[in-house]
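Note: the block below is final_22.cif and it holds mmCIF, C-alpha atoms (C1' of nucleotides).
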data_final
loop_
_atom_site.label_atom_id
_atom_site.label_comp_id
_atom_site.auth_asym_id
_atom_site.auth_seq_id
_atom_site.Cartn_x
_atom_site.Cartn_y
_atom_site.Cartn_z
CA MET A 263 113.63 71.81 137.68
CA ALA A 264 112.29 73.72 134.71
CA ALA A 265 108.98 72.13 135.56
CA ARG A 266 109.17 73.57 139.03
CA VAL A 267 109.48 77.08 137.72
CA GLN A 268 106.57 76.50 135.38
CA ASP A 269 104.41 75.29 138.23
CA ARG A 270 105.09 78.40 140.21
CA ALA A 271 104.23 80.59 137.29
CA ALA A 272 100.94 78.78 136.87
CA ARG A 273 100.16 79.26 140.54
CA SER A 274 100.55 83.03 140.27
CA ALA A 275 96.90 83.84 140.87
CA PRO A 276 95.44 87.29 140.10
CA GLU A 277 94.58 87.70 143.76
CA ALA A 278 93.39 90.85 145.45
CA SER A 279 95.58 92.03 148.30
CA PRO A 280 93.66 92.44 151.54
CA LYS A 281 92.74 95.82 152.97
CA ALA A 282 94.29 94.66 156.23
CA LEU A 283 97.71 95.58 154.91
CA THR A 284 96.82 99.23 154.53
CA VAL A 285 95.19 99.40 157.93
CA LEU A 286 97.99 97.68 159.84
CA ALA A 287 100.60 100.08 158.50
CA ASP A 288 100.24 102.70 161.22
CA PRO A 289 102.22 101.84 164.38
CA THR A 290 99.67 103.28 166.78
CA ARG A 291 96.86 101.39 165.12
CA ARG A 292 98.94 98.25 165.23
CA ALA A 293 99.43 98.81 168.96
CA VAL A 294 95.66 99.07 169.37
CA PHE A 295 95.21 95.85 167.45
CA GLU A 296 97.86 94.05 169.46
CA ARG A 297 96.16 94.98 172.70
CA LEU A 298 93.29 92.79 171.60
CA ARG A 299 95.63 89.90 171.12
CA SER A 300 95.29 88.73 174.71
CA GLY A 301 91.52 88.97 174.60
CA PRO A 302 88.50 91.28 174.18
CA ARG A 303 88.78 94.78 175.64
CA SER A 304 86.69 97.92 175.99
CA VAL A 305 87.76 101.16 174.35
CA SER A 306 88.84 102.73 177.64
CA GLU A 307 90.85 99.68 178.57
CA ILE A 308 92.65 99.81 175.26
CA ALA A 309 93.32 103.52 175.53
CA ARG A 310 94.61 103.24 179.10
CA GLY A 311 98.35 103.93 179.14
CA MET A 312 98.53 104.71 175.44
CA PRO A 313 100.27 107.90 174.26
CA VAL A 314 97.18 109.04 172.34
CA SER A 315 93.73 110.17 173.41
CA ARG A 316 90.69 107.95 173.67
CA PRO A 317 88.94 109.42 170.61
CA ALA A 318 92.07 108.62 168.63
CA VAL A 319 91.73 105.00 169.71
CA SER A 320 88.09 105.06 168.65
CA GLN A 321 89.11 106.25 165.21
CA HIS A 322 91.66 103.49 164.89
CA LEU A 323 89.10 100.92 165.96
CA LYS A 324 86.75 102.23 163.30
CA ALA A 325 89.40 101.72 160.64
CA LEU A 326 90.17 98.23 161.92
CA LYS A 327 86.47 97.41 161.90
CA GLN A 328 86.00 98.58 158.33
CA ALA A 329 88.86 96.34 157.31
CA GLY A 330 87.11 93.46 159.04
CA LEU A 331 89.94 92.95 161.50
CA VAL A 332 87.81 93.51 164.62
CA ARG A 333 84.20 93.12 165.74
CA ASP A 334 82.46 95.11 168.45
CA GLU A 335 79.62 94.41 170.82
CA PRO A 336 77.78 96.69 173.28
CA ARG A 337 78.10 95.92 176.97
CA GLY A 338 76.29 98.48 179.05
CA THR A 339 77.69 101.85 178.15
CA ALA A 340 80.95 100.22 177.15
CA ARG A 341 81.79 98.61 173.83
CA ILE A 342 83.83 95.43 173.71
CA TYR A 343 86.17 94.88 170.76
CA ARG A 344 87.71 91.57 169.75
CA ILE A 345 89.92 90.37 166.92
CA HIS A 346 88.00 88.89 163.98
CA ALA A 347 90.11 85.95 162.86
CA PRO A 348 88.80 85.45 159.29
CA ALA A 349 90.29 88.75 158.10
CA LEU A 350 93.59 87.59 159.49
CA LEU A 351 93.27 84.39 157.50
CA GLU A 352 92.73 86.38 154.35
CA LEU A 353 95.97 88.25 154.95
CA ARG A 354 97.71 84.99 155.67
CA THR A 355 96.49 83.46 152.44
CA TRP A 356 97.73 86.40 150.42
CA LEU A 357 101.14 86.20 152.04
CA ASP A 358 101.37 82.44 151.61
CA SER A 359 100.74 82.50 147.88
CA PHE A 360 103.35 85.20 147.62
CA TRP A 361 105.70 83.21 149.73
CA ASP A 362 105.49 80.17 147.44
CA ASP A 363 106.65 82.11 144.42
CA ALA A 364 109.28 84.14 146.19
CA LEU A 365 110.90 81.30 148.07
CA GLY A 366 111.14 79.10 144.98
CA ARG A 367 112.75 81.83 142.93
CA TYR A 368 115.04 82.65 145.78
CA ARG A 369 116.26 79.04 145.83
CA ASP A 370 116.87 79.19 142.08
CA TYR A 371 118.78 82.41 142.58
CA LEU A 372 121.06 80.92 145.24
CA GLU A 373 121.66 77.80 143.18
CA ASP A 374 122.65 79.86 140.16
CA ASP A 375 125.01 81.83 142.31
CA GLN A 376 126.67 78.62 143.44
CA MET B 1000 90.42 73.59 177.23
CA ALA B 1001 91.63 75.94 179.93
CA ALA B 1002 95.09 74.54 179.27
CA ARG B 1003 94.75 75.49 175.63
CA VAL B 1004 94.07 79.10 176.50
CA GLN B 1005 96.99 79.14 178.87
CA ASP B 1006 99.29 77.81 176.15
CA ARG B 1007 98.26 80.56 173.83
CA ALA B 1008 98.88 83.19 176.45
CA ALA B 1009 102.35 81.81 177.07
CA ARG B 1010 103.09 81.93 173.35
CA SER B 1011 102.25 85.64 173.17
CA ALA B 1012 105.76 86.86 172.46
CA PRO B 1013 106.74 90.55 172.70
CA GLU B 1014 107.73 90.52 169.05
CA ALA B 1015 108.64 93.50 166.94
CA SER B 1016 106.41 93.98 163.91
CA PRO B 1017 108.36 94.05 160.65
CA LYS B 1018 108.96 97.17 158.61
CA ALA B 1019 107.59 95.29 155.63
CA LEU B 1020 104.12 95.98 156.95
CA THR B 1021 104.57 99.73 156.71
CA VAL B 1022 106.12 99.55 153.26
CA LEU B 1023 103.52 97.25 151.75
CA ALA B 1024 100.69 99.52 152.82
CA ASP B 1025 100.70 101.72 149.72
CA PRO B 1026 98.76 100.14 146.82
CA THR B 1027 101.06 101.48 144.13
CA ARG B 1028 104.12 100.20 145.94
CA ARG B 1029 102.39 96.86 146.39
CA ALA B 1030 101.79 96.77 142.64
CA VAL B 1031 105.49 97.39 142.05
CA PHE B 1032 106.34 94.58 144.41
CA GLU B 1033 103.88 92.21 142.79
CA ARG B 1034 105.41 92.80 139.38
CA LEU B 1035 108.54 91.15 140.72
CA ARG B 1036 106.56 88.11 141.70
CA SER B 1037 106.99 86.45 138.33
CA GLY B 1038 110.70 87.14 138.26
CA PRO B 1039 113.44 89.81 138.22
CA ARG B 1040 112.73 92.97 136.25
CA SER B 1041 114.43 96.25 135.37
CA VAL B 1042 113.00 99.55 136.52
CA SER B 1043 111.70 100.46 133.08
CA GLU B 1044 110.05 97.08 132.70
CA ILE B 1045 108.30 97.52 136.01
CA ALA B 1046 107.17 101.06 135.20
CA ARG B 1047 105.85 100.08 131.77
CA GLY B 1048 102.06 100.33 131.78
CA MET B 1049 101.83 101.64 135.30
CA PRO B 1050 99.77 104.76 136.09
CA VAL B 1051 102.74 106.55 137.67
CA SER B 1052 106.01 107.88 136.28
CA ARG B 1053 109.29 105.99 136.25
CA PRO B 1054 110.91 108.12 138.98
CA ALA B 1055 107.96 107.28 141.19
CA VAL B 1056 108.69 103.59 140.66
CA SER B 1057 112.33 104.23 141.57
CA GLN B 1058 111.25 105.82 144.83
CA HIS B 1059 109.02 102.88 145.63
CA LEU B 1060 111.85 100.48 144.90
CA LYS B 1061 114.08 102.44 147.22
CA ALA B 1062 111.56 102.06 150.05
CA LEU B 1063 111.18 98.35 149.33
CA LYS B 1064 114.94 97.95 149.34
CA GLN B 1065 115.36 99.73 152.69
CA ALA B 1066 112.78 97.37 154.14
CA GLY B 1067 114.81 94.45 152.81
CA LEU B 1068 112.01 93.26 150.55
CA VAL B 1069 114.02 93.55 147.31
CA ARG B 1070 117.60 93.41 146.14
CA ASP B 1071 119.08 95.13 143.12
CA GLU B 1072 121.95 94.41 140.79
CA PRO B 1073 123.48 96.49 137.97
CA ARG B 1074 123.20 95.12 134.46
CA GLY B 1075 124.71 97.54 131.98
CA THR B 1076 122.92 100.84 132.40
CA ALA B 1077 119.89 99.00 133.74
CA ARG B 1078 119.26 97.80 137.25
CA ILE B 1079 117.61 94.47 137.92
CA TYR B 1080 115.38 94.11 140.96
CA ARG B 1081 114.27 90.86 142.54
CA ILE B 1082 112.26 89.87 145.60
CA HIS B 1083 114.36 89.10 148.66
CA ALA B 1084 112.58 86.18 150.30
CA PRO B 1085 113.95 86.38 153.88
CA ALA B 1086 112.18 89.67 154.60
CA LEU B 1087 108.98 87.97 153.53
CA LEU B 1088 109.66 85.22 156.03
CA GLU B 1089 109.95 87.78 158.80
CA LEU B 1090 106.51 89.14 157.96
CA ARG B 1091 105.16 85.62 157.83
CA THR B 1092 106.52 84.82 161.26
CA TRP B 1093 104.92 87.90 162.76
CA LEU B 1094 101.59 87.05 161.21
CA ASP B 1095 101.78 83.42 162.27
CA SER B 1096 102.32 84.19 165.94
CA PHE B 1097 99.38 86.53 165.73
CA TRP B 1098 97.35 83.95 163.99
CA ASP B 1099 97.85 81.37 166.74
CA ASP B 1100 96.35 83.61 169.38
CA ALA B 1101 93.56 85.00 167.28
CA LEU B 1102 92.35 81.71 165.84
CA GLY B 1103 92.24 80.02 169.23
CA ARG B 1104 90.28 82.84 170.79
CA TYR B 1105 87.98 82.92 167.81
CA ARG B 1106 87.18 79.25 168.32
CA ASP B 1107 86.45 79.89 171.99
CA TYR B 1108 84.19 82.75 170.98
CA LEU B 1109 82.19 80.60 168.56
CA GLU B 1110 81.86 77.79 171.08
CA ASP B 1111 80.56 80.15 173.75
CA ASP B 1112 78.04 81.47 171.27
CA GLN B 1113 76.83 77.94 170.60
"C1'" DC C 328 134.10 110.73 120.91
"C1'" DA C 329 129.30 111.76 120.59
"C1'" DA C 330 124.55 110.30 121.02
"C1'" DA C 331 121.27 107.52 123.28
"C1'" DT C 332 119.47 104.68 127.05
"C1'" DT C 333 118.69 103.75 131.83
"C1'" DC C 334 118.43 105.18 136.26
"C1'" DG C 335 118.65 107.87 140.92
"C1'" DT C 336 117.86 112.08 143.34
"C1'" DA C 337 116.47 116.98 144.38
"C1'" DA C 338 112.88 120.34 144.64
"C1'" DG C 339 108.25 121.58 144.96
"C1'" DT C 340 103.29 120.75 145.19
"C1'" DT C 341 99.07 118.47 146.67
"C1'" DA C 342 96.43 115.36 149.14
"C1'" DT C 343 95.87 112.36 152.80
"C1'" DC C 344 96.29 110.93 157.56
"C1'" DG C 345 96.61 110.94 162.42
"C1'" DC C 346 95.80 113.71 166.38
"C1'" DT C 347 93.39 116.96 169.64
"C1'" DT C 348 89.52 119.44 171.47
"C1'" DA C 349 84.67 119.88 171.78
"C1'" DC C 350 80.18 118.13 171.76
"C1'" DG C 351 76.05 115.01 171.96
"C1'" DG C 352 73.96 110.53 172.85
"C1'" DT C 353 73.18 106.36 175.65
"C1'" DA C 354 73.24 103.32 179.61
"C1'" DA C 355 74.25 102.54 184.61
"C1'" DG C 356 74.38 104.18 189.59
"C1'" DC C 357 72.81 106.76 193.62
"C1'" DG D 303 65.41 111.88 187.80
"C1'" DC D 304 69.84 113.57 188.03
"C1'" DT D 305 74.51 112.67 187.84
"C1'" DT D 306 78.31 109.94 186.22
"C1'" DA D 307 80.78 106.96 183.03
"C1'" DC D 308 81.64 105.45 178.35
"C1'" DC D 309 81.69 106.13 173.65
"C1'" DG D 310 81.35 107.96 168.60
"C1'" DT D 311 81.74 111.79 165.55
"C1'" DA D 312 82.59 116.54 163.73
"C1'" DA D 313 85.84 120.23 162.94
"C1'" DG D 314 90.25 121.90 162.50
"C1'" DC D 315 95.23 121.61 162.33
"C1'" DG D 316 99.98 119.99 161.44
"C1'" DA D 317 102.83 116.63 159.52
"C1'" DT D 318 103.81 113.10 156.42
"C1'" DA D 319 103.73 110.83 152.00
"C1'" DA D 320 103.24 110.17 147.14
"C1'" DC D 321 103.66 112.24 142.79
"C1'" DT D 322 105.61 115.18 138.84
"C1'" DT D 323 109.15 117.70 136.48
"C1'" DA D 324 113.93 118.66 135.95
"C1'" DC D 325 118.58 117.43 136.12
"C1'" DG D 326 122.97 114.83 136.31
"C1'" DA D 327 125.69 110.40 136.50
"C1'" DA D 328 126.98 106.01 134.40
"C1'" DT D 329 127.08 102.75 130.60
"C1'" DT D 330 126.40 101.11 126.02
"C1'" DT D 331 126.26 101.91 121.03
"C1'" DG D 332 127.41 103.83 116.52
#

Rewrite the structure from the file as structure tokens, please.
Amino acid sequence: MAARVQDRAARSAPEASPKALTVLADPTRRAVFERLRSGPRSVSEIARGMPVSRPAVSQHLKALKQAGLVRDEPRGTARIYRIHAPALLELRTWLDSFWDDALGRYRDYLEDDQ
Amino acid sequence: MAARVQDRAARSAPEASPKALTVLADPTRRAVFERLRSGPRSVSEIARGMPVSRPAVSQHLKALKQAGLVRDEPRGTARIYRIHAPALLELRTWLDSFWDDALGRYRDYLEDDQ
DNA sequence: CAAATTCGTAAGTTATCGCTTACGGTAAGC
DNA sequence: GCTTACCGTAAGCGATAACTTACGAATTTG
């Protein structure tokens, strides 16, 4: 079991944490992002029924785009936004590597407590 | 393939997004959290070599604790902090459900482009 | 018991962030 | 061609958040 701890330590990679974490912190921006979960939407469609103005939604979409979380595409005068999966994978990878270390140490912690 | 899309839509759960997301947004606080990745540490040990003061680290630890991401334990005059894995699982679950929808739609998007 | 170490919190300051209103630019409809 | 719809950005404002310094509480050490 000492070997297990050593393995985890070796796996602790000096990995950069994704920008997605910073961007997804704001609740309103998260709501915008989650509206794209069921499929591509235009800006007006996203803003419809939200407690903030349409320009505010545009600003959130800009931030999401810069973080690589969404892609946009013109469609007449409208602009269609969709979730860009690869950025989500990056976040997932970061969390997974973290999860490996944390869970293992958590098991050790519980065993020691026993 | 229409059935696949339908399955994904049915799996779209009205799930609350974890507080961990808000707390892990700040880069400095993320650095504090990542210092606990290799094992439990005292506050002074965490603050050593960081660009912010020790009280700042204490404040970050307080936020992490309120989000359930860390647990603390007195040890003489010191206080030992460690990562609390279950909160990490909650974040992982949120991301996973998101991932299912996004990845499927991303595949559809690429196929349509083909 | 006194000195030293470790830590949390309060108070105050500064910078950043999210929002609104206002405006201009572009494409579709009549 | 003129109007309408849709969108991005600039400017300005208010609120929040992160940081520093200062202080006091709790524990160990000599």

Item to check | Distance of CA of Tyr343 in chain A from CA of Asp1095 in chain B, expressed in Å to one decimal place | outcome: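 Answer for the CA of Asp1095 in chain B to CA of Tyr343 in chain A separation: 21.1 Å.
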
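Excluding range 306-318 of chain D itself and any same-chain residue fewer than 4 positions from it, the protein and nucleic acid residues within 10 Å of it, counting only C-alpha atoms (C1' of nucleotides), are Ser304, Val305, Ser306, Arg316, Pro317, Ser320, Gln321, Lys324, Gly338, Thr339, Ala340 and Arg341 of chain A; DT343, DC344, DG345, DC346, DT347, DT348, DA349, DC350, DG351, DG352, DT353, DA354, DA355, DG356 and DC357 of chain C.
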
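Near chain A, the residues of chain B that fall inside 6 Å (using all atoms listed in the file) are B:Leu1020, B:Thr1021, B:Ala1024, B:Ala1084, B:Ala1101, B:Leu1102.
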
Next on the checklist: Translate the PyMOL selection byres ((chain D and resi 319-326) around 8) into a concrete residue list for this structure, as a ChimeraX atom specification.
Outcome noted: /B:1051-1052,1055 /D:318,327

Any chance you can output those residues with C-alpha atoms (C1' of nucleotides) as an mmCIF file, in the frame of the given file?
data_model
loop_
_atom_site.group_PDB
_atom_site.id
_atom_site.type_symbol
_atom_site.label_atom_id
_atom_site.label_comp_id
_atom_site.auth_asym_id
_atom_site.auth_seq_id
_atom_site.Cartn_x
_atom_site.Cartn_y
_atom_site.Cartn_z
ATOM 1 C CA VAL B 1051 102.740 106.550 137.670
ATOM 2 C CA SER B 1052 106.010 107.880 136.280
ATOM 3 C CA ALA B 1055 107.960 107.280 141.190
ATOM 4 C "C1'" DT D 318 103.810 113.100 156.420
ATOM 5 C "C1'" DA D 327 125.690 110.400 136.500
#

Checklist entry - Applied to this file, what does the PyMOL selection byres ((chain C and resi 329) around 12) return in terms of residues, put as a PyMOL selection string? => result (chain C and resi 328+330-331) or (chain D and resi 331-332)

Could I get the residues of chain C with an atom no further than 9 Å from an atom of chain B, each paired with its nearest atom pair and that distance in Å to one decimal, using only C-alpha atoms (C1' of nucleotides), sorted by chain and residue number, as a tab-separated table?
residue	atom	partner	partner_atom	distance
C:DT332	C1'	B:Thr1076	CA	7.4
C:DT333	C1'	B:Thr1076	CA	5.2
C:DC334	C1'	B:Ala1077	CA	6.8
C:DG335	C1'	B:Ser1057	CA	7.3

Edge lengths and centre, in Å to one decimal, as JSON: that's what I need for the box along x, y and z that holds all listed atoms of range 323-339 of chain A plus 6 Å on each side.
{"center_x": 83.2, "center_y": 97.6, "center_z": 168.2, "size_x": 25.9, "size_y": 21.3, "size_z": 33.7}

Item to check | Pairwise distance for CA of Pro1050 in chain B and CA of Glu352 in chain A, rounded to one decimal in Å | outcome: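 Between CA of Pro1050 in chain B and CA of Glu352 in chain A the gap works out to 26.8 Å.
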
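For the pair CA of Gln328 in chain A and CA of Ala1066 in chain B, the separation is 27.1 Å.
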
Checklist entry - Taking only C-alpha atoms (C1' of nucleotides) into account, which of B:Pro1073, B:Arg1040, B:Lys1064, B:Arg1047 comes nearest chain D? => result B:Pro1073
